[in-house]
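Content type TSV, C-alpha atoms and all ligand atoms, from the file run-v6.tsv:
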chain	number	residue	atom	x	y	z
A	1	MET	CA	3.76	8.45	33.03
A	2	ALA	CA	1.35	9.20	35.90
A	3	PRO	CA	-1.76	7.00	35.84
A	4	LEU	CA	-4.99	8.79	34.88
A	5	ASN	CA	-7.99	8.78	37.17
A	6	ALA	CA	-10.95	6.61	36.21
A	7	GLU	CA	-13.10	9.53	35.04
A	8	ILE	CA	-10.49	10.93	32.65
A	9	LEU	CA	-9.64	7.43	31.45
A	10	GLY	CA	-13.33	6.82	30.71
A	11	LYS	CA	-13.47	10.02	28.65
A	12	LEU	CA	-10.25	9.12	26.84
A	13	HIS	CA	-11.68	5.79	25.74
A	14	ALA	CA	-14.95	7.43	24.74
A	15	ALA	CA	-13.04	9.91	22.57
A	16	PHE	CA	-10.74	7.44	20.81
A	17	ARG	CA	-11.45	3.72	20.53
A	18	PRO	CA	-9.11	1.96	18.11
A	19	HIS	CA	-10.24	-1.51	19.07
A	20	ALA	CA	-14.00	-1.13	18.85
A	21	PRO	CA	-16.35	-0.07	16.08
A	22	ILE	CA	-18.39	3.09	16.56
A	23	ASP	CA	-21.90	2.43	17.78
A	24	ASN	CA	-23.05	5.87	18.89
A	25	PRO	CA	-23.99	8.00	15.84
A	26	ASP	CA	-22.65	11.12	17.65
A	27	ASP	CA	-19.14	9.63	17.48
A	28	PHE	CA	-19.35	8.76	13.79
A	29	GLN	CA	-17.52	11.17	11.46
A	30	GLY	CA	-17.78	11.74	7.71
A	31	ARG	CA	-19.03	9.01	5.35
A	32	GLU	CA	-22.18	11.07	4.72
A	33	SER	CA	-22.94	9.72	1.26
A	34	GLU	CA	-22.23	6.09	2.19
A	35	ARG	CA	-24.45	6.39	5.25
A	36	GLU	CA	-27.22	7.99	3.24
A	37	ARG	CA	-27.03	5.20	0.64
A	38	VAL	CA	-27.28	2.50	3.32
A	39	GLU	CA	-30.16	4.26	5.06
A	40	THR	CA	-32.21	4.75	1.89
A	41	ALA	CA	-31.60	1.11	0.85
A	42	LEU	CA	-32.97	0.02	4.22
A	43	ILE	CA	-36.29	1.70	3.49
A	44	THR	CA	-36.46	0.50	-0.12
A	45	PRO	CA	-38.60	-2.67	-0.31
A	46	GLY	CA	-36.70	-5.75	-1.43
A	47	LEU	CA	-33.26	-4.14	-1.43
A	48	HIS	CA	-30.46	-5.56	0.74
A	49	VAL	CA	-27.07	-4.00	1.43
A	50	VAL	CA	-23.55	-5.30	0.99
A	51	ILE	CA	-20.75	-3.25	2.59
A	52	PHE	CA	-17.21	-4.11	1.57
A	53	GLY	CA	-13.75	-2.58	1.85
A	54	GLU	CA	-10.37	-3.09	3.47
A	55	ARG	CA	-9.86	-4.33	6.99
A	56	GLY	CA	-10.35	-1.44	9.40
A	57	ALA	CA	-12.03	0.84	6.85
A	58	GLY	CA	-15.06	1.34	9.11
A	59	LYS	CA	-17.56	-1.18	7.70
A	60	THR	CA	-19.00	-2.36	11.01
A	61	SER	CA	-19.19	1.22	12.30
A	62	LEU	CA	-21.16	2.29	9.24
A	63	ALA	CA	-23.62	-0.60	9.61
A	64	ASN	CA	-23.99	0.12	13.35
A	65	VAL	CA	-24.78	3.77	12.79
A	66	ALA	CA	-27.08	3.25	9.79
A	67	THR	CA	-29.15	0.67	11.71
A	68	SER	CA	-28.92	2.35	15.13
A	69	LYS	CA	-32.65	3.13	15.36
A	70	LYS	CA	-33.78	-0.17	13.87
A	71	ASN	CA	-33.01	-2.63	16.64
A	72	PRO	CA	-31.03	-4.88	14.29
A	73	ILE	CA	-30.08	-8.51	14.82
A	74	LYS	CA	-26.28	-8.84	14.48
A	75	VAL	CA	-24.39	-12.02	13.82
A	76	PHE	CA	-20.71	-12.62	13.16
A	77	CYS	CA	-19.40	-15.32	10.86
A	78	GLU	CA	-16.62	-17.73	11.62
A	79	ARG	CA	-14.43	-19.81	9.34
A	80	GLY	CA	-16.54	-22.90	9.78
A	81	SER	CA	-19.96	-21.18	9.85
A	82	SER	CA	-22.64	-23.20	8.09
A	83	PHE	CA	-25.85	-21.79	6.66
A	84	SER	CA	-27.94	-23.47	9.36
A	85	ALA	CA	-25.63	-22.15	12.07
A	86	LEU	CA	-26.12	-18.60	10.82
A	87	CYS	CA	-29.93	-19.02	10.65
A	88	ARG	CA	-29.83	-20.50	14.11
A	89	SER	CA	-27.90	-17.50	15.53
A	90	VAL	CA	-30.42	-15.10	13.97
A	91	LEU	CA	-33.43	-17.06	15.27
A	92	LEU	CA	-31.98	-17.32	18.77
A	93	LYS	CA	-31.48	-13.56	18.90
A	94	LEU	CA	-35.00	-12.99	17.58
A	95	SER	CA	-36.38	-15.26	20.30
A	96	VAL	CA	-34.60	-13.17	22.96
A	97	ASN	CA	-36.27	-10.03	21.54
A	98	ASP	CA	-39.69	-11.65	21.28
A	99	PRO	CA	-39.88	-14.60	23.73
A	100	ALA	CA	-43.69	-14.69	23.66
A	101	ARG	CA	-43.83	-15.43	19.94
A	102	LEU	CA	-40.63	-17.41	19.37
A	103	ILE	CA	-40.25	-19.99	22.12
A	104	TYR	CA	-36.80	-21.47	22.48
A	105	ASP	CA	-36.36	-24.79	24.25
A	106	ALA	CA	-32.71	-25.16	25.24
A	107	ARG	CA	-33.14	-28.82	26.25
A	108	THR	CA	-34.39	-30.03	22.88
A	109	GLN	CA	-32.64	-27.26	20.91
A	110	THR	CA	-35.86	-26.41	19.15
A	111	ILE	CA	-37.64	-23.18	18.47
A	112	ARG	CA	-41.41	-22.97	18.32
A	113	SER	CA	-43.80	-20.40	16.90
A	114	GLY	CA	-47.51	-20.98	16.25
A	115	GLY	CA	-47.80	-24.52	14.95
A	116	ILE	CA	-44.20	-24.69	13.68
A	117	ASN	CA	-41.51	-26.52	15.57
A	118	LEU	CA	-37.99	-26.26	14.22
A	119	ASP	CA	-34.94	-28.32	15.16
A	120	LEU	CA	-32.17	-25.74	15.41
A	121	ASN	CA	-29.46	-28.36	15.14
A	122	SER	CA	-30.79	-29.71	11.89
A	123	PRO	CA	-28.11	-29.37	9.23
A	124	THR	CA	-30.84	-29.06	6.62
A	125	LEU	CA	-32.52	-25.98	8.09
A	126	SER	CA	-33.78	-24.28	4.94
A	127	ALA	CA	-34.41	-20.72	3.78
A	128	ASP	CA	-38.15	-21.44	3.81
A	129	ASP	CA	-38.03	-22.79	7.39
A	130	PHE	CA	-36.15	-19.68	8.37
A	131	ARG	CA	-38.59	-17.37	6.61
A	132	THR	CA	-41.65	-18.84	8.31
A	133	LEU	CA	-40.24	-17.95	11.73
A	134	LEU	CA	-39.44	-14.32	10.97
A	135	PRO	CA	-41.48	-11.60	12.70
A	136	SER	CA	-44.31	-9.96	10.80
A	137	GLY	CA	-42.89	-6.40	10.75
A	138	PRO	CA	-39.70	-4.92	9.24
A	139	THR	CA	-36.60	-6.72	10.47
A	140	PHE	CA	-32.94	-5.82	10.00
A	141	ILE	CA	-30.30	-8.53	10.06
A	142	VAL	CA	-26.59	-7.64	9.93
A	143	VAL	CA	-24.24	-10.48	9.01
A	144	ASP	CA	-20.68	-9.32	9.61
A	145	GLU	CA	-17.30	-10.76	8.54
A	146	ILE	CA	-18.70	-12.96	5.80
A	147	ASP	CA	-15.25	-13.00	4.17
A	148	ARG	CA	-14.25	-15.45	6.92
A	149	ILE	CA	-16.67	-18.13	5.74
A	150	GLU	CA	-14.62	-20.82	4.03
A	151	ASN	CA	-17.42	-22.79	2.40
A	152	ILE	CA	-18.51	-20.85	-0.67
A	153	GLU	CA	-21.82	-22.77	-0.68
A	154	VAL	CA	-22.79	-20.99	2.56
A	155	VAL	CA	-22.39	-17.58	0.92
A	156	HIS	CA	-24.42	-18.75	-2.07
A	157	ARG	CA	-27.24	-19.88	0.18
A	158	LEU	CA	-27.14	-16.58	2.03
A	159	ALA	CA	-27.41	-14.69	-1.27
A	160	GLU	CA	-30.26	-16.99	-2.35
A	161	LEU	CA	-32.04	-16.34	0.92
A	162	CYS	CA	-31.79	-12.58	0.31
A	163	LYS	CA	-33.27	-13.08	-3.16
A	164	ASN	CA	-36.08	-15.23	-1.74
A	165	LEU	CA	-36.84	-12.53	0.84
A	166	SER	CA	-36.83	-9.73	-1.75
A	167	THR	CA	-39.73	-11.52	-3.42
A	168	ASN	CA	-41.58	-12.92	-0.42
A	169	ARG	CA	-40.75	-10.58	2.46
A	170	PRO	CA	-39.46	-7.26	1.05
A	171	ASP	CA	-39.51	-5.73	4.54
A	172	ILE	CA	-36.81	-8.10	5.82
A	173	LYS	CA	-33.41	-6.54	5.21
A	174	PHE	CA	-30.00	-8.11	5.23
A	175	VAL	CA	-26.80	-6.10	5.57
A	176	LEU	CA	-23.86	-8.28	4.56
A	177	ILE	CA	-20.39	-7.05	5.51
A	178	GLY	CA	-16.94	-8.29	4.65
A	179	VAL	CA	-13.36	-7.50	3.69
A	180	ALA	CA	-13.21	-7.42	-0.10
A	181	SER	CA	-12.45	-5.11	-2.98
A	182	THR	CA	-15.64	-5.85	-4.94
A	183	ALA	CA	-19.20	-6.94	-4.14
A	184	ASP	CA	-18.70	-9.97	-6.33
A	185	GLU	CA	-15.71	-11.03	-4.27
A	186	ILE	CA	-17.81	-10.86	-1.12
A	187	LEU	CA	-20.75	-12.70	-2.69
A	188	ARG	CA	-18.27	-15.18	-4.22
A	189	GLY	CA	-19.39	-14.74	-7.80
A	190	HIS	CA	-23.07	-14.64	-7.01
A	191	THR	CA	-23.57	-11.77	-9.42
A	192	SER	CA	-27.08	-12.81	-10.44
A	193	ASN	CA	-28.14	-11.48	-7.06
A	194	VAL	CA	-26.45	-8.12	-7.30
A	195	ARG	CA	-29.71	-6.54	-8.50
A	196	ASN	CA	-31.16	-7.13	-5.02
A	197	PHE	CA	-28.17	-5.60	-3.27
A	198	ARG	CA	-27.08	-2.02	-2.86
A	199	GLN	CA	-23.32	-2.11	-3.01
A	200	ILE	CA	-21.45	0.16	-0.63
A	201	ALA	CA	-17.71	0.30	-1.29
A	202	LEU	CA	-15.95	1.78	1.70
A	203	GLU	CA	-12.75	3.50	0.56
A	204	ARG	CA	-10.13	4.87	2.93
A	205	MET	CA	-11.17	8.11	4.62
A	206	THR	CA	-10.36	11.57	3.33
A	207	GLU	CA	-8.02	13.84	5.29
A	208	ALA	CA	-11.00	16.04	6.15
A	209	GLU	CA	-12.87	13.06	7.63
A	210	LEU	CA	-9.84	11.97	9.63
A	211	SER	CA	-9.40	15.51	10.96
A	212	LYS	CA	-13.02	15.39	12.13
A	213	ILE	CA	-12.23	12.29	14.22
A	214	ILE	CA	-9.49	14.26	15.99
A	215	ALA	CA	-11.71	17.34	16.39
A	216	HIS	CA	-14.48	15.23	17.93
A	217	GLY	CA	-11.99	13.70	20.40
A	218	GLU	CA	-10.77	17.20	21.30
A	219	LEU	CA	-14.33	18.17	22.12
A	220	VAL	CA	-14.99	15.09	24.25
A	221	LEU	CA	-11.74	15.54	26.20
A	222	GLY	CA	-11.59	19.33	26.31
A	223	LEU	CA	-8.12	19.10	24.73
A	224	GLN	CA	-6.44	20.95	21.89
A	225	PHE	CA	-4.06	19.11	19.56
A	226	ASP	CA	-1.36	21.43	18.15
A	227	GLY	CA	-1.79	22.03	14.40
A	228	ILE	CA	1.44	20.24	13.53
A	229	VAL	CA	0.42	17.20	15.61
A	230	LYS	CA	-2.93	16.97	13.79
A	231	LYS	CA	-1.17	17.23	10.46
A	232	ARG	CA	1.42	14.56	11.25
A	233	LEU	CA	-1.17	12.28	12.80
A	234	VAL	CA	-3.33	12.36	9.68
A	235	GLN	CA	-0.26	11.85	7.47
A	236	VAL	CA	0.99	8.82	9.33
A	237	SER	CA	-2.48	7.20	9.54
A	238	ASP	CA	-2.42	5.99	5.94
A	239	ARG	CA	-6.02	7.28	5.75
A	240	LEU	CA	-7.32	4.48	7.97
A	241	PRO	CA	-9.54	5.57	10.89
A	242	TYR	CA	-8.11	2.71	12.97
A	243	TYR	CA	-4.65	4.35	13.02
A	244	VAL	CA	-6.04	7.79	13.83
A	245	HIS	CA	-7.79	6.38	16.91
A	246	LEU	CA	-4.76	4.25	17.88
A	247	ILE	CA	-2.23	7.09	17.74
A	248	ALA	CA	-4.61	9.75	19.07
A	249	VAL	CA	-5.46	7.75	22.19
A	250	SER	CA	-1.83	7.25	23.26
A	251	THR	CA	-0.88	10.81	22.28
A	252	ALA	CA	-3.77	12.39	24.20
A	253	GLU	CA	-3.00	10.13	27.16
A	254	ARG	CA	0.47	11.66	27.44
A	255	ALA	CA	-0.83	15.22	27.45
A	256	LEU	CA	-3.45	14.34	30.07
A	257	ALA	CA	-0.80	12.63	32.22
A	258	ARG	CA	1.21	15.89	32.16
A	259	GLY	CA	-1.92	17.65	33.35
A	260	SER	CA	-1.95	19.66	30.11
A	261	GLN	CA	-4.89	20.54	27.88
A	262	ARG	CA	-2.53	21.01	24.93
A	263	VAL	CA	-1.29	18.05	22.93
A	264	GLU	CA	2.24	18.82	21.76
A	265	VAL	CA	4.78	17.23	19.42
A	266	THR	CA	6.60	15.49	22.29
A	267	ASP	CA	3.31	13.84	23.35
A	268	PHE	CA	2.83	12.74	19.75
A	269	GLU	CA	6.32	11.27	19.49
A	270	LEU	CA	5.95	9.29	22.70
A	271	GLY	CA	2.40	8.37	21.69
A	272	LEU	CA	3.63	6.97	18.37
A	273	LYS	CA	6.05	4.63	20.15
A	274	ALA	CA	3.27	3.36	22.40
A	275	ALA	CA	0.92	2.99	19.43
A	276	ALA	CA	3.51	0.89	17.54
A	277	ARG	CA	3.73	-1.41	20.58
A	278	ASP	CA	-0.08	-1.66	20.81
A	279	CYS	CA	-0.50	-2.60	17.17
A	280	ASP	CA	-1.58	-5.97	16.03
A	281	ALA	CA	1.22	-8.40	17.00
A	282	GLU	CA	1.14	-9.91	13.52
A	283	LEU	CA	2.29	-6.60	12.03
A	284	SER	CA	5.35	-6.32	14.25
A	285	THR	CA	6.27	-10.01	13.83
A	286	THR	CA	6.11	-9.70	10.05
A	287	TYR	CA	8.05	-6.41	10.04
A	288	GLU	CA	10.79	-7.86	12.21
A	289	ALA	CA	11.03	-11.04	10.15
A	290	ALA	CA	11.34	-8.99	6.96
A	291	ILE	CA	14.06	-6.73	8.35
A	292	PRO	CA	16.65	-8.63	10.37
A	293	SER	CA	18.76	-6.15	12.30
A	294	VAL	CA	22.13	-6.72	10.64
A	295	ARG	CA	24.04	-4.11	8.75
A	296	GLU	CA	23.63	-5.68	5.29
A	297	SER	CA	19.87	-5.76	5.79
A	298	GLU	CA	19.60	-1.96	5.45
A	299	ILE	CA	18.34	-2.53	1.93
A	300	TYR	CA	15.34	-4.51	3.23
A	301	ARG	CA	14.40	-1.83	5.71
A	302	ARG	CA	14.75	0.87	3.09
A	303	ILE	CA	12.63	-1.08	0.60
A	304	VAL	CA	9.87	-1.58	3.16
A	305	TRP	CA	9.99	2.10	4.07
A	306	ALA	CA	9.98	3.06	0.39
A	307	VAL	CA	6.85	0.98	-0.32
A	308	ALA	CA	5.12	2.69	2.62
A	309	GLU	CA	5.89	6.18	1.24
A	310	GLY	CA	3.54	8.25	-0.89
A	311	ASP	CA	-0.04	7.52	-1.84
A	312	ALA	CA	0.46	4.77	-4.43
A	313	ARG	CA	-0.88	1.40	-3.23
A	314	VAL	CA	1.40	-0.50	-5.66
A	315	SER	CA	4.93	0.33	-6.79
A	316	PRO	CA	7.21	-0.71	-9.66
A	317	THR	CA	10.83	-1.69	-8.93
A	318	ALA	CA	12.17	1.52	-10.51
A	319	ALA	CA	10.15	3.77	-8.20
A	320	ILE	CA	11.13	1.66	-5.18
A	321	THR	CA	14.82	1.92	-6.16
A	322	ALA	CA	14.60	5.71	-6.46
A	323	LYS	CA	13.01	5.99	-3.03
A	324	VAL	CA	15.46	3.49	-1.47
A	325	ASN	CA	18.36	5.60	-2.71
A	326	ALA	CA	16.77	8.83	-1.47
A	327	ILE	CA	16.46	7.23	1.99
A	328	ALA	CA	20.08	5.97	1.77
A	329	LYS	CA	21.27	9.47	0.83
A	330	GLY	CA	19.42	10.95	3.81
A	331	GLU	CA	21.28	8.42	5.98
A	332	GLU	CA	24.59	9.31	4.28
A	333	ASP	CA	24.94	5.89	2.72
A	334	GLU	CA	25.86	4.70	-0.80
A	335	PRO	CA	23.18	4.16	-3.46
A	336	VAL	CA	22.32	0.63	-4.65
A	337	THR	CA	21.46	-0.66	-8.15
A	338	ALA	CA	17.99	-1.59	-9.41
A	339	GLN	CA	19.27	-5.20	-9.68
A	340	ALA	CA	20.13	-5.27	-5.97
A	341	VAL	CA	16.68	-3.90	-5.14
A	342	GLY	CA	15.08	-6.46	-7.50
A	343	ALA	CA	16.94	-9.32	-5.77
A	344	ALA	CA	15.91	-8.08	-2.32
A	345	LEU	CA	12.29	-7.66	-3.45
A	346	LYS	CA	12.26	-11.31	-4.53
A	347	LYS	CA	13.16	-12.29	-0.97
A	348	LEU	CA	10.54	-10.04	0.60
A	349	ILE	CA	7.73	-11.94	-1.10
A	350	LYS	CA	8.98	-15.26	0.35
A	351	PRO	CA	7.69	-17.02	3.49
A	352	GLU	CA	11.15	-16.57	5.20
A	353	ARG	CA	10.39	-12.84	5.22
A	354	LYS	CA	6.78	-13.51	6.20
A	355	GLN	CA	5.68	-12.38	2.72
A	356	ILE	CA	5.59	-8.80	3.84
A	357	LEU	CA	5.19	-7.88	0.16
A	358	THR	CA	3.13	-9.38	-2.63
A	359	LYS	CA	4.04	-9.17	-6.31
A	360	GLU	CA	0.99	-8.54	-8.44
A	361	GLN	CA	0.57	-10.11	-11.87
A	362	ASN	CA	1.58	-6.85	-13.54
A	363	GLY	CA	4.93	-6.93	-11.68
A	364	LEU	CA	4.05	-4.23	-9.15
A	365	TYR	CA	4.69	-4.66	-5.43
A	366	ARG	CA	2.35	-3.96	-2.52
A	367	PHE	CA	2.11	-4.85	1.16
A	368	SER	CA	0.31	-8.17	1.65
A	369	ASN	CA	-1.49	-6.83	4.73
A	370	PRO	CA	-3.12	-3.45	3.98
A	371	LEU	CA	-2.52	-2.34	7.57
A	372	MET	CA	1.25	-2.71	7.09
A	373	ARG	CA	1.73	0.66	5.37
A	374	GLY	CA	0.35	2.48	8.38
A	375	TYR	CA	2.42	0.32	10.74
A	376	VAL	CA	5.65	0.99	8.82
A	377	ARG	CA	4.92	4.74	8.81
A	378	LEU	CA	4.33	4.55	12.53
A	379	VAL	CA	7.61	2.74	13.17
A	380	ARG	CA	9.52	5.09	10.89
A	381	GLU	CA	8.04	8.21	12.49
A	382	SER	CA	8.72	6.94	15.99
A	383	ARG	CA	12.44	6.15	15.39
B	1	LIG	N1	-16.87	7.11	10.50
B	1	LIG	C1	-16.05	6.92	11.54
B	1	LIG	N2	-15.82	7.91	12.44
B	1	LIG	C2	-14.99	7.72	13.47
B	1	LIG	N3	-14.31	6.58	13.69
B	1	LIG	C3	-14.49	5.56	12.84
B	1	LIG	C4	-15.36	5.67	11.72
B	1	LIG	N4	-15.34	4.51	11.05
B	1	LIG	C5	-14.51	3.70	11.72
B	1	LIG	N5	-14.00	4.31	12.80
B	1	LIG	C6	-13.02	3.71	13.75
B	1	LIG	O1	-12.08	2.99	12.96
B	1	LIG	C7	-11.78	1.72	13.53
B	1	LIG	C8	-12.18	0.61	12.56
B	1	LIG	O2	-13.61	0.64	12.39
B	1	LIG	P1	-14.49	-0.67	12.15
B	1	LIG	O3	-14.22	-1.68	13.20
B	1	LIG	O4	-15.87	-0.22	11.94
B	1	LIG	O5	-13.86	-1.15	10.78
B	1	LIG	P2	-14.14	-2.48	9.95
B	1	LIG	O6	-14.01	-2.12	8.53
B	1	LIG	O7	-15.40	-3.11	10.40
B	1	LIG	O8	-12.89	-3.36	10.40
B	1	LIG	P3	-12.69	-4.95	10.23
B	1	LIG	O9	-12.37	-5.16	8.80
B	1	LIG	O10	-11.52	-5.24	11.12
B	1	LIG	O11	-13.95	-5.62	10.69
B	1	LIG	C9	-12.50	1.70	14.86
B	1	LIG	O12	-11.62	2.20	15.82
B	1	LIG	C10	-13.64	2.67	14.69
B	1	LIG	O13	-13.98	3.21	15.93
B	2	MG	MG	-15.78	-4.99	11.25

Before anything else, please render the file you have as structure tokens.
Ligand SMILES: Nc1ncnc2c1ncn2[C@@H]1O[C@H](COP(=O)(O)OP(=O)(O)OP(=O)(O)O)[C@@H](O)[C@H]1O
Ligand SMILES: [Mg+2]
Amino acid sequence: MAPLNAEILGKLHAAFRPHAPIDNPDDFQGRESERERVETALITPGLHVVIFGERGAGKTSLANVATSKKNPIKVFCERGSSFSALCRSVLLKLSVNDPARLIYDARTQTIRSGGINLDLNSPTLSADDFRTLLPSGPTFIVVDEIDRIENIEVVHRLAELCKNLSTNRPDIKFVLIGVASTADEILRGHTSNVRNFRQIALERMTEAELSKIIAHGELVLGLQFDGIVKKRLVQVSDRLPYYVHLIAVSTAERALARGSQRVEVTDFELGLKAAARDCDAELSTTYEAAIPSVRESEIYRRIVWAVAEGDARVSPTAAITAKVNAIAKGEEDEPVTAQAVGAALKKLIKPERKQILTKEQNGLYRFSNPLMRGYVRLVRESR
């Protein structure tokens, strides 16, 4: 493939950016009601926001766009983040924005404002200490990836701080973001605080929203994706915006390299292969561990493909067996019994097969990593 010139490459990465959240509101598609709910919460005194959903659903992008005119402070959590470390990160960023009021002394690791002098390394930095150093006007603080925090006490203190601020400083707003399926899961059972939080559950995107991402990219690049390419791209994406960007970027790149303004099926097929290679390495390692490439392992591959088919997020053994045999028939192979599928499923939830699947308490199977469905569809489509 001929290399693209820097200008076209720049446009390509402006149009589709699988590895970075959206920060320009003009690039943000769909999610109108979620965005509206975040924006109104941010002007409602005493209300904070918690955004939760699957990995790659678009949580950070939504927070970026909803706070884009508010000059927010953004901090990211790590596994070992402590409450004082998070307060410290926020205060340091505030001092950069307002160095005349908040004076940071790097040598002594202290921060000073008025008559208050705070030791930033103090492990006992409290919510009240933190509050006294906040600016006098409305302030927006986004704390992302709080699901990573291992110490549950840190999340409790964060929720308590939000409650404290709702009462004492209703113009200070927190937006807490994390991978979770409920707000309670993200606040680690701190339900007493839910009253002070607007909960924004970010589901997967609709097909119409995903099509808008492609249409926006077409506009930026002056390209036209063929109808069938758009349709297949949306289908394979498993309704995750991440996959649409990932496949669209490598597909569009191929059309541009041919010097064409039309994105055709052949570009898509080559683009899919490149996208599968560019995916998270963990996905390919797990997939390959689950499906060793020997003849008798066909059943494992077919099971994994079967679980990735259709819209259901969880599948019973009977449905998996039916799909496995439909795939086998398409490959002119013999059907297998439900017992054989059951035995293979038991192996696919084991560490030897990298636990590609998880068995839920009700006996249904799902992919352990929610991105795996999209990856498997990608691999299957690109064969
Ligand atoms: N509304 C949107 N319009 C267009 N693209 C989007 C939208 N939301 C998300 N994306 C794209 O989808 C991908 C994932 O988005 P983002 O990083 O915001 O997700 P996330 O939920 O924060 O992911 P993670 O769980 O990994 O932190 C990015 O490529 C981003 O550019
Ligand atoms: Mg994110």

Write as a PDB file with C-alpha atoms, in the frame of the given file the residues around ligand LIG 1 (chain B), taking 9 Å as the cut-off and counting all atoms listed in the file.
ATOM      1  CA  PHE A  16     -10.740   7.440  20.810  1.00  0.00           C
ATOM      2  CA  ARG A  17     -11.450   3.720  20.530  1.00  0.00           C
ATOM      3  CA  PRO A  18      -9.110   1.960  18.110  1.00  0.00           C
ATOM      4  CA  HIS A  19     -10.240  -1.510  19.070  1.00  0.00           C
ATOM      5  CA  ALA A  20     -14.000  -1.130  18.850  1.00  0.00           C
ATOM      6  CA  PRO A  21     -16.350  -0.070  16.080  1.00  0.00           C
ATOM      7  CA  ILE A  22     -18.390   3.090  16.560  1.00  0.00           C
ATOM      8  CA  ASP A  23     -21.900   2.430  17.780  1.00  0.00           C
ATOM      9  CA  PRO A  25     -23.990   8.000  15.840  1.00  0.00           C
ATOM     10  CA  ASP A  27     -19.140   9.630  17.480  1.00  0.00           C
ATOM     11  CA  PHE A  28     -19.350   8.760  13.790  1.00  0.00           C
ATOM     12  CA  GLN A  29     -17.520  11.170  11.460  1.00  0.00           C
ATOM     13  CA  GLY A  30     -17.780  11.740   7.710  1.00  0.00           C
ATOM     14  CA  ARG A  31     -19.030   9.010   5.350  1.00  0.00           C
ATOM     15  CA  GLU A  32     -22.180  11.070   4.720  1.00  0.00           C
ATOM     16  CA  PHE A  52     -17.210  -4.110   1.570  1.00  0.00           C
ATOM     17  CA  GLY A  53     -13.750  -2.580   1.850  1.00  0.00           C
ATOM     18  CA  GLU A  54     -10.370  -3.090   3.470  1.00  0.00           C
ATOM     19  CA  ARG A  55      -9.860  -4.330   6.990  1.00  0.00           C
ATOM     20  CA  GLY A  56     -10.350  -1.440   9.400  1.00  0.00           C
ATOM     21  CA  ALA A  57     -12.030   0.840   6.850  1.00  0.00           C
ATOM     22  CA  GLY A  58     -15.060   1.340   9.110  1.00  0.00           C
ATOM     23  CA  LYS A  59     -17.560  -1.180   7.700  1.00  0.00           C
ATOM     24  CA  THR A  60     -19.000  -2.360  11.010  1.00  0.00           C
ATOM     25  CA  SER A  61     -19.190   1.220  12.300  1.00  0.00           C
ATOM     26  CA  LEU A  62     -21.160   2.290   9.240  1.00  0.00           C
ATOM     27  CA  ALA A  63     -23.620  -0.600   9.610  1.00  0.00           C
ATOM     28  CA  ASN A  64     -23.990   0.120  13.350  1.00  0.00           C
ATOM     29  CA  VAL A  65     -24.780   3.770  12.790  1.00  0.00           C
ATOM     30  CA  ASP A 144     -20.680  -9.320   9.610  1.00  0.00           C
ATOM     31  CA  GLU A 145     -17.300 -10.760   8.540  1.00  0.00           C
ATOM     32  CA  ILE A 177     -20.390  -7.050   5.510  1.00  0.00           C
ATOM     33  CA  GLY A 178     -16.940  -8.290   4.650  1.00  0.00           C
ATOM     34  CA  VAL A 179     -13.360  -7.500   3.690  1.00  0.00           C
ATOM     35  CA  LEU A 202     -15.950   1.780   1.700  1.00  0.00           C
ATOM     36  CA  MET A 205     -11.170   8.110   4.620  1.00  0.00           C
ATOM     37  CA  GLU A 209     -12.870  13.060   7.630  1.00  0.00           C
ATOM     38  CA  LEU A 210      -9.840  11.970   9.630  1.00  0.00           C
ATOM     39  CA  LYS A 212     -13.020  15.390  12.130  1.00  0.00           C
ATOM     40  CA  ILE A 213     -12.230  12.290  14.220  1.00  0.00           C
ATOM     41  CA  ILE A 214      -9.490  14.260  15.990  1.00  0.00           C
ATOM     42  CA  HIS A 216     -14.480  15.230  17.930  1.00  0.00           C
ATOM     43  CA  LEU A 240      -7.320   4.480   7.970  1.00  0.00           C
ATOM     44  CA  PRO A 241      -9.540   5.570  10.890  1.00  0.00           C
ATOM     45  CA  TYR A 242      -8.110   2.710  12.970  1.00  0.00           C
ATOM     46  CA  TYR A 243      -4.650   4.350  13.020  1.00  0.00           C
ATOM     47  CA  VAL A 244      -6.040   7.790  13.830  1.00  0.00           C
ATOM     48  CA  HIS A 245      -7.790   6.380  16.910  1.00  0.00           C
ATOM     49  CA  LEU A 246      -4.760   4.250  17.880  1.00  0.00           C
TER      50      LEU A 246
END

Pick from A:Asp119, A:Glu331, A:Asp311, A:Asp147, whichever lies nearest to ligand MG 2 (chain B) using all atoms listed in the file: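 For ligand MG 2 (chain B), the nearest of the candidates is A:Asp147.
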
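For the atom pair formed by CA of Gln224 in chain A and CA of Gly271 in chain A, the distance is 15.4 Å, given to one decimal.
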
Nearest to Ile291 in chain A, chosen from A:Ser82, A:Thr67, A:Gln355, A:Thr321, with only C-alpha atoms counted in the distances: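 The closest residue to Ile291 in chain A is A:Gln355.
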
Interatomic distance (Å, one decimal) between CA of Leu94 in chain A and CA of Thr139 in chain A: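 Interatomic distance, CA of Leu94 in chain A to CA of Thr139 in chain A: 9.6 Å.
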
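Between CA of Ser122 in chain A and CA of Phe140 in chain A lies a distance of 24.1 Å.
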
Nearest to ligand MG 2 (chain B) by atom-to-atom distance, counting all atoms listed in the file, from A:Ala344, A:Leu371, A:Pro135, A:Val143: A:Val143

Nearby residues, (2.8, -2.6, -7.3) file frame, 7 Å, only C-alpha atoms, as number ranges by chain: A: 313-316, 359-360, 363-366

Within-10 Å shell of (6.6, -2.2, 6.1) in input frame, only C-alpha atoms, as a VMD selection string: chain A and resid 283 to 284 286 to 288 290 to 291 300 to 309 356 to 357 366 to 369 371 to 380

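Using all atoms listed in the file, the nearest neighbour of ligand MG 2 (chain B) within the list A:Val142, A:Phe174, A:Asn24, A:Ala215 is A:Val142.
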